[in-house]
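*Asks:* Provided below: run_32.cif, containing mmCIF, C-alpha atoms.
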```
data_model
loop_
_atom_site.label_atom_id
_atom_site.label_comp_id
_atom_site.auth_asym_id
_atom_site.auth_seq_id
_atom_site.Cartn_x
_atom_site.Cartn_y
_atom_site.Cartn_z
CA MET A 1 -68.30 -3.01 -12.74
CA THR A 2 -67.47 -6.07 -14.83
CA ARG A 3 -65.82 -3.75 -17.33
CA VAL A 4 -63.71 -2.12 -14.63
CA LEU A 5 -62.63 -5.49 -13.31
CA LEU A 6 -61.75 -6.65 -16.80
CA ILE A 7 -59.63 -3.55 -17.48
CA ALA A 8 -57.94 -3.87 -14.07
CA SER A 9 -57.15 -7.52 -14.76
CA LEU A 10 -55.65 -6.60 -18.12
CA VAL A 11 -53.53 -3.82 -16.55
CA ILE A 12 -52.26 -6.19 -13.84
CA ALA A 13 -51.59 -8.93 -16.38
CA ALA A 14 -49.66 -6.49 -18.56
CA ALA A 15 -47.71 -4.99 -15.68
CA ALA A 16 -46.72 -8.20 -13.91
CA PRO A 17 -44.43 -9.62 -16.60
CA ALA A 18 -42.75 -6.23 -17.00
CA ARG A 19 -41.87 -6.15 -13.28
CA ALA A 20 -40.64 -9.74 -13.36
CA ALA A 21 -38.47 -8.99 -16.38
CA SER A 22 -37.07 -5.99 -14.61
CA GLU A 23 -36.06 -8.06 -11.59
CA ALA A 24 -34.54 -10.71 -13.84
CA ASP A 25 -32.63 -7.98 -15.68
CA PHE A 26 -31.29 -6.73 -12.37
CA LYS A 27 -30.18 -10.20 -11.33
CA ALA A 28 -28.36 -10.68 -14.62
CA ALA A 29 -26.74 -7.23 -14.42
CA TYR A 30 -25.75 -7.79 -10.80
CA ALA A 31 -24.30 -11.23 -11.51
CA ALA A 32 -22.19 -9.78 -14.34
CA ALA A 33 -20.94 -6.98 -12.09
CA GLU A 34 -20.20 -9.39 -9.27
CA ALA A 35 -18.28 -11.72 -11.60
CA ALA A 36 -16.14 -8.83 -12.86
CA GLU A 37 -15.50 -7.67 -9.28
CA GLN A 38 -14.46 -11.17 -8.28
CA GLU A 39 -12.01 -11.21 -11.18
CA ALA A 40 -10.60 -7.89 -9.93
CA GLY A 41 -10.35 -9.46 -6.48
CA GLY A 42 -8.30 -12.32 -7.94
CA LEU A 43 -5.93 -9.67 -9.27
CA ARG A 44 -5.94 -7.95 -5.83
CA ASN A 45 -7.07 -4.79 -7.50
CA GLN A 46 -10.59 -3.99 -6.34
CA TRP A 47 -11.80 -0.44 -6.06
CA ILE A 48 -13.80 0.90 -3.11
CA THR A 49 -16.11 2.65 -5.57
CA THR A 50 -17.04 -0.65 -7.20
CA GLU A 51 -17.95 -2.11 -3.82
CA THR A 52 -20.11 0.86 -2.83
CA THR A 53 -21.83 0.89 -6.23
CA LEU A 54 -22.58 -2.84 -5.92
CA SER A 55 -24.07 -2.17 -2.49
CA ALA A 56 -26.15 0.67 -3.92
CA ALA A 57 -27.48 -1.71 -6.59
CA LYS A 58 -28.52 -4.23 -3.96
CA THR A 59 -30.17 -1.59 -1.78
CA ALA A 60 -32.15 -0.21 -4.72
CA ALA A 61 -33.27 -3.73 -5.68
CA GLU A 62 -34.41 -4.43 -2.12
CA LYS A 63 -36.55 -1.31 -2.33
CA GLY A 64 -38.02 -2.56 -5.62
CA ASP A 65 -36.41 0.23 -7.67
CA PHE A 66 -35.04 -2.02 -10.41
CA ASP A 67 -34.29 0.79 -12.83
CA ALA A 68 -31.89 2.34 -10.33
CA ALA A 69 -30.61 -1.10 -9.31
CA ILE A 70 -29.79 -2.05 -12.90
CA ALA A 71 -28.12 1.31 -13.54
CA SER A 72 -25.93 0.85 -10.43
CA ALA A 73 -25.10 -2.75 -11.31
CA LYS A 74 -24.01 -1.71 -14.81
CA GLU A 75 -21.92 1.10 -13.37
CA ALA A 76 -20.33 -1.35 -10.93
CA GLU A 77 -19.53 -3.72 -13.78
CA ALA A 78 -17.89 -0.90 -15.74
CA LEU A 79 -15.85 0.10 -12.70
CA ALA A 80 -14.77 -3.49 -12.05
CA LYS A 81 -13.74 -3.89 -15.69
CA ALA A 82 -11.75 -0.67 -15.48
CA SER A 83 -9.91 -2.01 -12.42
CA ILE A 84 -9.15 -5.25 -14.30
CA PHE A 85 -7.79 -3.20 -17.19
CA GLN A 86 -5.70 -1.17 -14.76
CA ALA A 87 -4.22 -4.32 -13.21
CA ALA A 88 -3.36 -5.71 -16.64
CA SER A 89 -1.78 -2.49 -17.92
CA GLU A 90 0.18 -1.92 -14.70
CA LYS A 91 1.63 -5.42 -14.76
CA GLU A 92 4.64 -4.08 -16.66
CA ARG A 93 3.99 -0.33 -16.91
CA TRP A 94 4.96 0.32 -13.28
CA ARG A 95 8.55 -0.07 -14.38
CA ASP A 96 8.29 3.17 -16.39
CA ALA A 97 7.98 5.14 -13.13
CA VAL A 98 10.99 3.64 -11.38
CA ILE A 99 13.71 6.09 -10.36
CA HIS A 100 16.94 5.29 -12.18
CA MET B 1 28.25 -17.28 -54.14
CA ARG B 2 25.09 -15.24 -54.20
CA GLY B 3 23.09 -18.34 -53.35
CA ARG B 4 25.15 -18.89 -50.21
CA PHE B 5 25.15 -15.21 -49.28
CA VAL B 6 21.37 -14.85 -49.16
CA PRO B 7 20.78 -17.59 -46.56
CA ALA B 8 23.72 -16.28 -44.52
CA LEU B 9 22.30 -12.75 -44.60
CA PHE B 10 18.89 -14.15 -43.77
CA LEU B 11 20.33 -16.05 -40.81
CA ALA B 12 22.20 -12.97 -39.65
CA LEU B 13 19.03 -10.89 -39.83
CA ILE B 14 17.09 -13.53 -37.94
CA SER B 15 19.81 -13.69 -35.29
CA ALA B 16 19.86 -9.91 -34.96
CA ALA B 17 16.08 -9.83 -34.70
CA LEU B 18 16.12 -12.55 -32.05
CA ALA B 19 18.85 -10.78 -30.13
CA ALA B 20 16.91 -7.53 -30.31
CA GLY B 21 13.84 -9.40 -29.16
CA VAL B 22 15.72 -10.79 -26.21
CA ILE B 23 16.97 -7.34 -25.28
CA VAL B 24 13.48 -5.82 -25.57
CA GLN B 25 12.07 -8.68 -23.53
CA ALA B 26 14.73 -8.23 -20.89
CA ALA B 27 14.03 -4.52 -20.75
CA THR B 28 10.29 -5.15 -20.50
CA ALA B 29 10.67 -7.75 -17.81
CA GLY B 30 13.07 -5.45 -15.97
CA GLU B 31 16.79 -5.39 -15.51
CA THR B 32 18.61 -7.58 -13.02
CA PRO B 33 17.50 -6.43 -9.55
CA ASN B 34 20.10 -4.21 -7.93
CA PRO B 35 18.85 -2.87 -4.58
CA ALA B 36 22.07 -0.97 -3.85
CA ALA B 37 21.82 0.89 -7.16
CA ASP B 38 18.11 1.54 -6.50
CA ALA B 39 18.89 3.04 -3.09
CA LYS B 40 21.57 5.30 -4.55
CA ALA B 41 19.30 6.45 -7.38
CA PHE B 42 16.47 7.01 -4.88
CA ARG B 43 18.62 9.18 -2.65
CA ASP B 44 20.18 11.10 -5.57
CA PHE B 45 16.72 11.84 -6.96
CA TYR B 46 15.56 13.60 -3.78
CA VAL B 47 18.86 15.37 -3.16
CA LYS B 48 18.72 16.77 -6.68
CA LYS B 49 15.03 17.66 -6.42
CA PHE B 50 15.47 19.41 -3.05
CA PRO B 51 19.06 20.71 -3.00
CA ASN B 52 18.44 22.86 0.09
CA VAL B 53 17.26 19.98 2.27
CA LYS B 54 19.88 18.19 4.34
CA LEU B 55 19.87 14.45 3.70
CA GLU B 56 19.01 13.48 7.28
CA ASP B 57 16.19 16.03 7.31
CA PHE B 58 14.10 14.02 4.82
CA VAL B 59 12.98 11.85 7.75
CA ASN B 60 10.95 14.85 8.92
CA GLY B 61 8.62 14.54 5.93
CA PRO B 62 6.66 17.66 5.04
CA TYR B 63 8.51 19.71 7.67
CA SER B 64 11.69 19.34 5.66
CA LEU B 65 9.99 21.00 2.70
CA ASN B 66 7.87 23.79 4.20
CA GLU B 67 9.25 26.39 6.59
CA ASP B 68 5.90 27.46 8.08
CA MET B 69 4.94 23.89 8.89
CA ARG B 70 8.37 23.28 10.31
CA ARG B 71 8.03 26.14 12.80
CA GLN B 72 4.62 24.89 13.92
CA TRP B 73 6.01 21.37 14.34
CA GLN B 74 8.99 22.57 16.34
CA GLU B 75 6.64 24.34 18.74
CA LYS B 76 4.45 21.26 18.98
CA GLU B 77 7.49 19.12 19.78
CA GLU B 78 7.78 20.89 23.13
CA PHE B 79 4.69 18.96 24.22
CA PRO B 80 4.47 16.31 21.51
CA PRO B 81 1.09 14.72 20.87
CA TYR B 82 2.63 11.23 20.89
CA GLU B 83 3.85 11.61 24.47
CA PHE B 84 0.95 9.67 26.03
CA ALA B 85 1.49 6.79 23.60
CA LEU B 86 5.18 6.81 24.44
CA GLU B 87 4.53 6.52 28.17
CA SER B 88 1.93 3.84 27.71
CA GLY B 89 4.24 1.93 25.34
CA LYS B 90 7.07 2.04 27.85
CA GLU B 91 4.79 0.70 30.56
CA MET B 92 3.40 -2.07 28.33
CA PHE B 93 6.89 -3.03 27.24
CA ALA B 94 7.99 -3.55 30.84
CA THR B 95 4.82 -5.26 32.06
CA PRO B 96 5.28 -9.04 32.23
CA PHE B 97 2.99 -11.39 30.30
CA LYS B 98 0.96 -13.93 32.27
CA ASN B 99 3.92 -16.32 32.05
CA GLY B 100 6.25 -13.77 33.61
CA LYS B 101 8.22 -13.00 30.45
CA THR B 102 8.24 -9.61 28.71
CA TYR B 103 8.67 -8.22 25.21
CA ALA B 104 12.34 -7.75 26.01
CA ASP B 105 12.78 -11.54 25.99
CA CYS B 106 11.78 -11.68 22.30
CA PHE B 107 14.25 -9.16 20.92
CA GLU B 108 17.96 -8.63 20.63
CA ASN B 109 19.35 -6.19 23.20
CA GLY B 110 16.10 -6.51 25.13
CA GLY B 111 14.30 -4.64 22.34
CA ILE B 112 16.06 -1.36 23.15
CA GLY B 113 17.55 0.53 20.19
CA VAL B 114 16.67 -2.10 17.58
CA ARG B 115 13.99 -0.35 15.49
CA GLN B 116 16.52 0.43 12.74
CA ASN B 117 16.92 -3.29 12.00
CA PHE B 118 13.23 -3.80 11.10
CA PRO B 119 11.92 -5.12 8.82
CA TYR B 120 14.32 -7.96 8.19
CA PHE B 121 14.12 -10.99 5.94
CA ASP B 122 13.75 -14.20 7.95
CA VAL B 123 15.64 -16.82 5.95
CA LYS B 124 14.14 -19.66 7.99
CA GLN B 125 10.54 -18.63 7.37
CA GLY B 126 11.31 -17.15 3.95
CA GLU B 127 9.43 -13.91 4.63
CA VAL B 128 9.75 -10.30 5.67
CA VAL B 129 9.27 -9.72 9.40
CA THR B 130 8.26 -6.23 10.42
CA LEU B 131 8.45 -4.85 13.96
CA GLU B 132 4.65 -5.00 14.24
CA LEU B 133 4.62 -8.64 13.17
CA ALA B 134 7.50 -9.50 15.52
CA LEU B 135 5.61 -7.92 18.44
CA ASN B 136 2.48 -9.96 17.77
CA ARG B 137 4.55 -13.13 17.28
CA CYS B 138 6.19 -12.39 20.60
CA ARG B 139 2.75 -12.17 22.18
CA ALA B 140 1.62 -15.41 20.52
CA ALA B 141 4.78 -17.21 21.69
CA ASN B 142 3.94 -16.14 25.23
CA GLY B 143 0.28 -17.12 25.11
CA GLU B 144 -1.10 -13.62 24.65
CA ALA B 145 -3.81 -12.51 22.21
CA PRO B 146 -2.59 -10.47 19.22
CA LEU B 147 -2.93 -6.69 19.16
CA SER B 148 -4.63 -4.72 16.41
CA TYR B 149 -1.97 -3.80 13.88
CA VAL B 150 -3.24 -0.33 13.13
CA LYS B 151 -3.31 1.78 16.31
CA ASP B 152 -3.63 1.96 20.09
CA ASP B 153 -1.41 -0.57 21.89
CA MET B 154 0.60 -1.56 18.80
CA ALA B 155 1.24 2.10 18.00
CA SER B 156 2.28 2.74 21.61
CA LEU B 157 4.69 -0.20 21.69
CA THR B 158 6.31 0.66 18.37
CA ALA B 159 6.47 4.33 19.46
CA TYR B 160 8.48 3.36 22.53
CA MET B 161 10.77 1.05 20.57
CA ALA B 162 11.35 3.73 17.93
CA TYR B 163 12.08 6.29 20.63
CA THR B 164 14.81 4.11 22.09
CA SER B 165 16.34 3.93 18.60
CA ARG B 166 16.22 7.61 17.67
CA GLY B 167 19.23 8.75 15.72
CA LYS B 168 20.29 5.22 14.74
CA PRO B 169 20.52 4.85 10.97
CA PHE B 170 18.24 2.43 9.16
CA ASP B 171 20.24 -0.76 8.61
CA ILE B 172 18.05 -2.99 6.46
CA ARG B 173 19.79 -5.95 4.88
CA ILE B 174 18.96 -8.14 1.95
CA PRO B 175 20.54 -11.52 2.61
CA ASP B 176 22.00 -13.59 -0.20
CA ASP B 177 18.75 -15.43 -0.75
CA PRO B 178 16.68 -15.19 -3.93
CA ARG B 179 13.51 -15.06 -1.82
CA ALA B 180 14.76 -11.93 -0.06
CA LEU B 181 15.50 -10.27 -3.37
CA ALA B 182 12.06 -11.33 -4.65
CA ALA B 183 10.43 -9.78 -1.57
CA TYR B 184 12.34 -6.54 -2.16
CA GLU B 185 11.33 -6.52 -5.83
CA ASN B 186 7.71 -7.20 -4.91
CA GLY B 187 7.77 -4.25 -2.54
CA LYS B 188 9.25 -2.09 -5.27
CA ARG B 189 6.56 -3.24 -7.72
CA TYR B 190 3.85 -2.45 -5.17
CA PHE B 191 5.31 1.02 -4.58
CA TYR B 192 5.28 1.99 -8.25
CA THR B 193 2.03 0.26 -9.30
CA ARG B 194 -1.00 2.47 -9.89
CA ARG B 195 -4.19 1.35 -8.20
CA GLY B 196 -7.61 2.57 -7.14
CA GLN B 197 -10.14 4.58 -9.10
CA LEU B 198 -7.87 7.63 -8.88
CA ASN B 199 -5.14 5.63 -10.63
CA PHE B 200 -2.46 6.62 -8.13
CA SER B 201 0.61 4.70 -7.04
CA CYS B 202 2.56 5.39 -3.85
CA ALA B 203 5.10 7.04 -6.16
CA SER B 204 2.48 9.38 -7.69
CA CYS B 205 2.39 11.32 -4.41
CA HIS B 206 5.70 10.57 -2.75
CA VAL B 207 8.06 10.56 -5.75
CA GLN B 208 6.36 12.72 -8.35
CA SER B 209 4.74 15.26 -6.01
CA PRO B 210 6.53 15.65 -2.65
CA GLY B 211 6.27 19.23 -1.43
CA GLU B 212 3.06 19.75 -3.42
CA ARG B 213 -0.25 20.22 -1.69
CA LEU B 214 -2.99 17.62 -1.53
CA ARG B 215 -5.74 19.86 -0.23
CA ALA B 216 -4.29 21.19 3.06
CA GLU B 217 -1.55 18.59 3.30
CA ILE B 218 2.02 18.84 2.06
CA LEU B 219 3.05 15.54 0.51
CA ALA B 220 6.07 13.91 2.12
CA PRO B 221 9.04 12.54 0.19
CA ALA B 222 9.26 8.72 0.09
CA LEU B 223 12.90 8.95 1.18
CA GLY B 224 12.86 8.59 4.96
CA ILE B 225 9.08 8.33 5.11
CA LEU B 226 9.09 5.33 7.46
CA ASN B 227 11.85 6.63 9.75
CA ALA B 228 9.30 8.69 11.69
CA MET B 229 6.81 5.86 12.21
CA PRO B 230 4.63 5.39 14.12
CA ILE B 231 3.04 8.82 13.98
CA TYR B 232 0.45 10.90 15.71
CA ARG B 233 -1.75 12.34 12.98
CA SER B 234 -4.04 15.22 13.73
CA GLU B 235 -6.27 13.92 10.94
CA TRP B 236 -6.63 10.63 12.84
CA ALA B 237 -6.79 12.36 16.23
CA GLY B 238 -4.49 9.63 17.42
CA MET B 239 -1.56 7.38 16.77
CA GLY B 240 -1.15 5.12 13.76
CA THR B 241 1.27 2.43 12.72
CA ILE B 242 2.88 1.77 9.36
CA SER B 243 0.00 -0.63 8.65
CA ARG B 244 -2.48 2.16 9.25
CA ARG B 245 -0.54 4.49 6.96
CA PHE B 246 -0.53 1.99 4.08
CA ILE B 247 -4.22 1.15 4.50
CA THR B 248 -5.15 4.84 4.59
CA CYS B 249 -3.05 5.64 1.50
CA ASN B 250 -4.74 2.85 -0.46
CA SER B 251 -8.20 3.98 0.66
CA GLN B 252 -7.45 7.56 -0.37
CA THR B 253 -6.87 6.39 -3.94
CA ARG B 254 -10.18 4.46 -3.66
CA ALA B 255 -8.44 1.11 -3.80
CA VAL B 256 -9.69 -1.66 -1.52
CA PRO B 257 -6.79 -1.89 0.95
CA GLU B 258 -5.04 -5.12 1.83
CA GLU B 259 -5.15 -6.72 5.25
CA ALA B 260 -2.70 -5.20 7.72
CA GLN B 261 0.63 -7.02 7.51
CA SER B 262 -0.25 -8.69 4.21
CA GLU B 263 2.73 -9.97 2.26
CA ASN B 264 2.53 -7.01 -0.14
CA TYR B 265 2.51 -4.46 2.70
CA ARG B 266 5.43 -6.15 4.47
CA ASP B 267 7.40 -6.26 1.21
CA LEU B 268 6.55 -2.61 0.59
CA GLU B 269 7.91 -1.74 4.03
CA TYR B 270 11.04 -3.75 3.25
CA PHE B 271 11.63 -1.82 0.02
CA LEU B 272 10.90 1.62 1.49
CA SER B 273 13.07 0.99 4.53
CA TYR B 274 15.94 -0.37 2.46
CA VAL B 275 16.08 2.66 0.17
CA SER B 276 16.22 4.87 3.29
CA ASN B 277 19.21 3.01 4.72
CA GLY B 278 21.59 5.32 6.51
CA LEU B 279 18.92 7.85 7.45
CA PRO B 280 18.22 8.16 11.19
CA ILE B 281 15.20 6.80 13.00
CA SER B 282 13.13 9.80 14.13
CA GLY B 283 9.96 8.12 15.36
CA PRO B 284 7.58 8.50 16.89
CA GLY B 285 6.59 11.43 14.75
CA ALA B 286 3.75 13.92 14.52
CA ARG B 287 2.02 14.86 11.30
CA PRO B 288 -0.93 17.12 10.42
#
```
Here is a file; write its structure as structure tokens.
*Replies:*
Amino acid sequence: MTRVLLIASLVIAAAAPARAASEADFKAAYAAAEAAEQEAGGLRNQWITTETTLSAAKTAAEKGDFDAAIASAKEAEALAKASIFQAASEKERWRDAVIH
Amino acid sequence: MRGRFVPALFLALISAALAAGVIVQAATAGETPNPAADAKAFRDFYVKKFPNVKLEDFVNGPYSLNEDMRRQWQEKEEFPPYEFALESGKEMFATPFKNGKTYADCFENGGIGVRQNFPYFDVKQGEVVTLELALNRCRAANGEAPLSYVKDDMASLTAYMAYTSRGKPFDIRIPDDPRALAAYENGKRYFYTRRGQLNFSCASCHVQSPGERLRAEILAPALGILNAMPIYRSEWAGMGTISRRFITCNSQTRAVPEEAQSENYRDLEYFLSYVSNGLPISGPGARP
């Protein structure tokens, strides 16, 4: 019985930091995605997909599924960065499409 | 001699390089805005692209480009789906506000037959005023709550005002005011700028692909596209204003749309209406 308790304690002790790290990773990934999306907002060039992916990340985190939450947050960050790139490249490129 | 020639050549090369730089920069930053030339080029583009379509027929959007759709539309026009909105708009227009005044008191000619003059650039306020904005400002000036810009009452009111202006050519003016020209240029920039995850601009569909299919829809030409507004859309199962059209277009490209009547949307309406000058008002319209 003592042995079982000892093993259980060790398993819990080993698992707890991993879960905490996972939540911290999510928070960092989400903050990065949110910052990029805010930058896109400043350029008035947000994408609906980024918003829905950010929401999906939050929902997954609320359910405790941090793997999925981190994956969604990273995807949202990539989408937000793509929208920032689009805004920068379109700043002058739109002129190429003008009818002359 | 040689000693003097080298610096002179060097200076000449530098000058040429600077001049070239200036030219490149000017080209990159865009030529001097010329709305009249833009409008002519815009019209010529569509006339050349669709030589069998009469100029004034572009206001009928996809029906000007597809014979089958045109026949269906002509049959629908016998009992047009916007008729209820038209009647309700007429009634609203004539119903006095709580202070006894009506919409007619806010507009030239009592608001009858004036749709073709909107949007206009208000030199006092320094901004583009659309018909939708003018209607809500009229309400505010008479102590009434604003209407939603996208559908229902606003669509009914603008439907009635468009109906009283049918056949009148768009007469959008750009006053001699650098702010007006800047608003026009901003609208033009918005029209041609790609946005959303699908990387589409307004021009991607309505300049590069009119007449092509987007799933079951036939894409309308940008020339005359606002002349038929507001519209009853079967897809919406109801009426929609210009604001609704812009918001929906942005959403379809997966871009977060702007607020209805944002500065960008009003400037876009200013640009699109200006380049359709001379084409008749045909609203309210019906679209699939």
*Asks:* Can you spell out as an MDAnalysis selection string the set of residues that the PyMOL selection byres ((chain B) within 9 of (chain A)) selects in the structure I just provided?
*Replies:* chainID B and resid 28:30 37:38 40:42 45 188:197 199 201 203:204 207 251 253:258
*Asks:* Nearest to A:Ala28: which of A:Ala61, A:Ala56, A:Ala68, A:Ala73 is it, counting only C-alpha atoms?
*Replies:*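 Closest to A:Ala28, using only C-alpha atoms: A:Ala73.
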*Asks:* Between B:Leu268, B:Cys249, B:Ile112, B:Ile174, which one has atoms that come closest to B:Lys90, using all atoms listed in the file?
*Replies:*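 For B:Lys90, the nearest of the given residues is B:Ile112.
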*Asks:* Can you tell me how far atom CA of A:Asp65 sits from atom CA of A:Ala29, in Å to one decimal?
*Replies:*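 Spanning atom CA of A:Asp65 to atom CA of A:Ala29 is a straight-line distance of 14.0 Å.
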*Asks:* Work out how far atom CA of A:Glu75 is from atom CA of A:Glu62, in Å to one decimal.
*Replies:*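 Computing the Euclidean distance for atom CA of A:Glu62 and atom CA of A:Glu75 yields 17.7 Å.
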*Asks:* For the file shown, report as a list of chain:residue names the outcome of the PyMOL selection byres ((chain B and resi 180) around 8) at residue level.
*Replies:* B:Phe121, B:Val123, B:Gly126, B:Glu127, B:Val128, B:Ile174, B:Pro175, B:Asp176, B:Asp177, B:Pro178, B:Arg179, B:Leu181, B:Ala182, B:Ala183, B:Tyr184
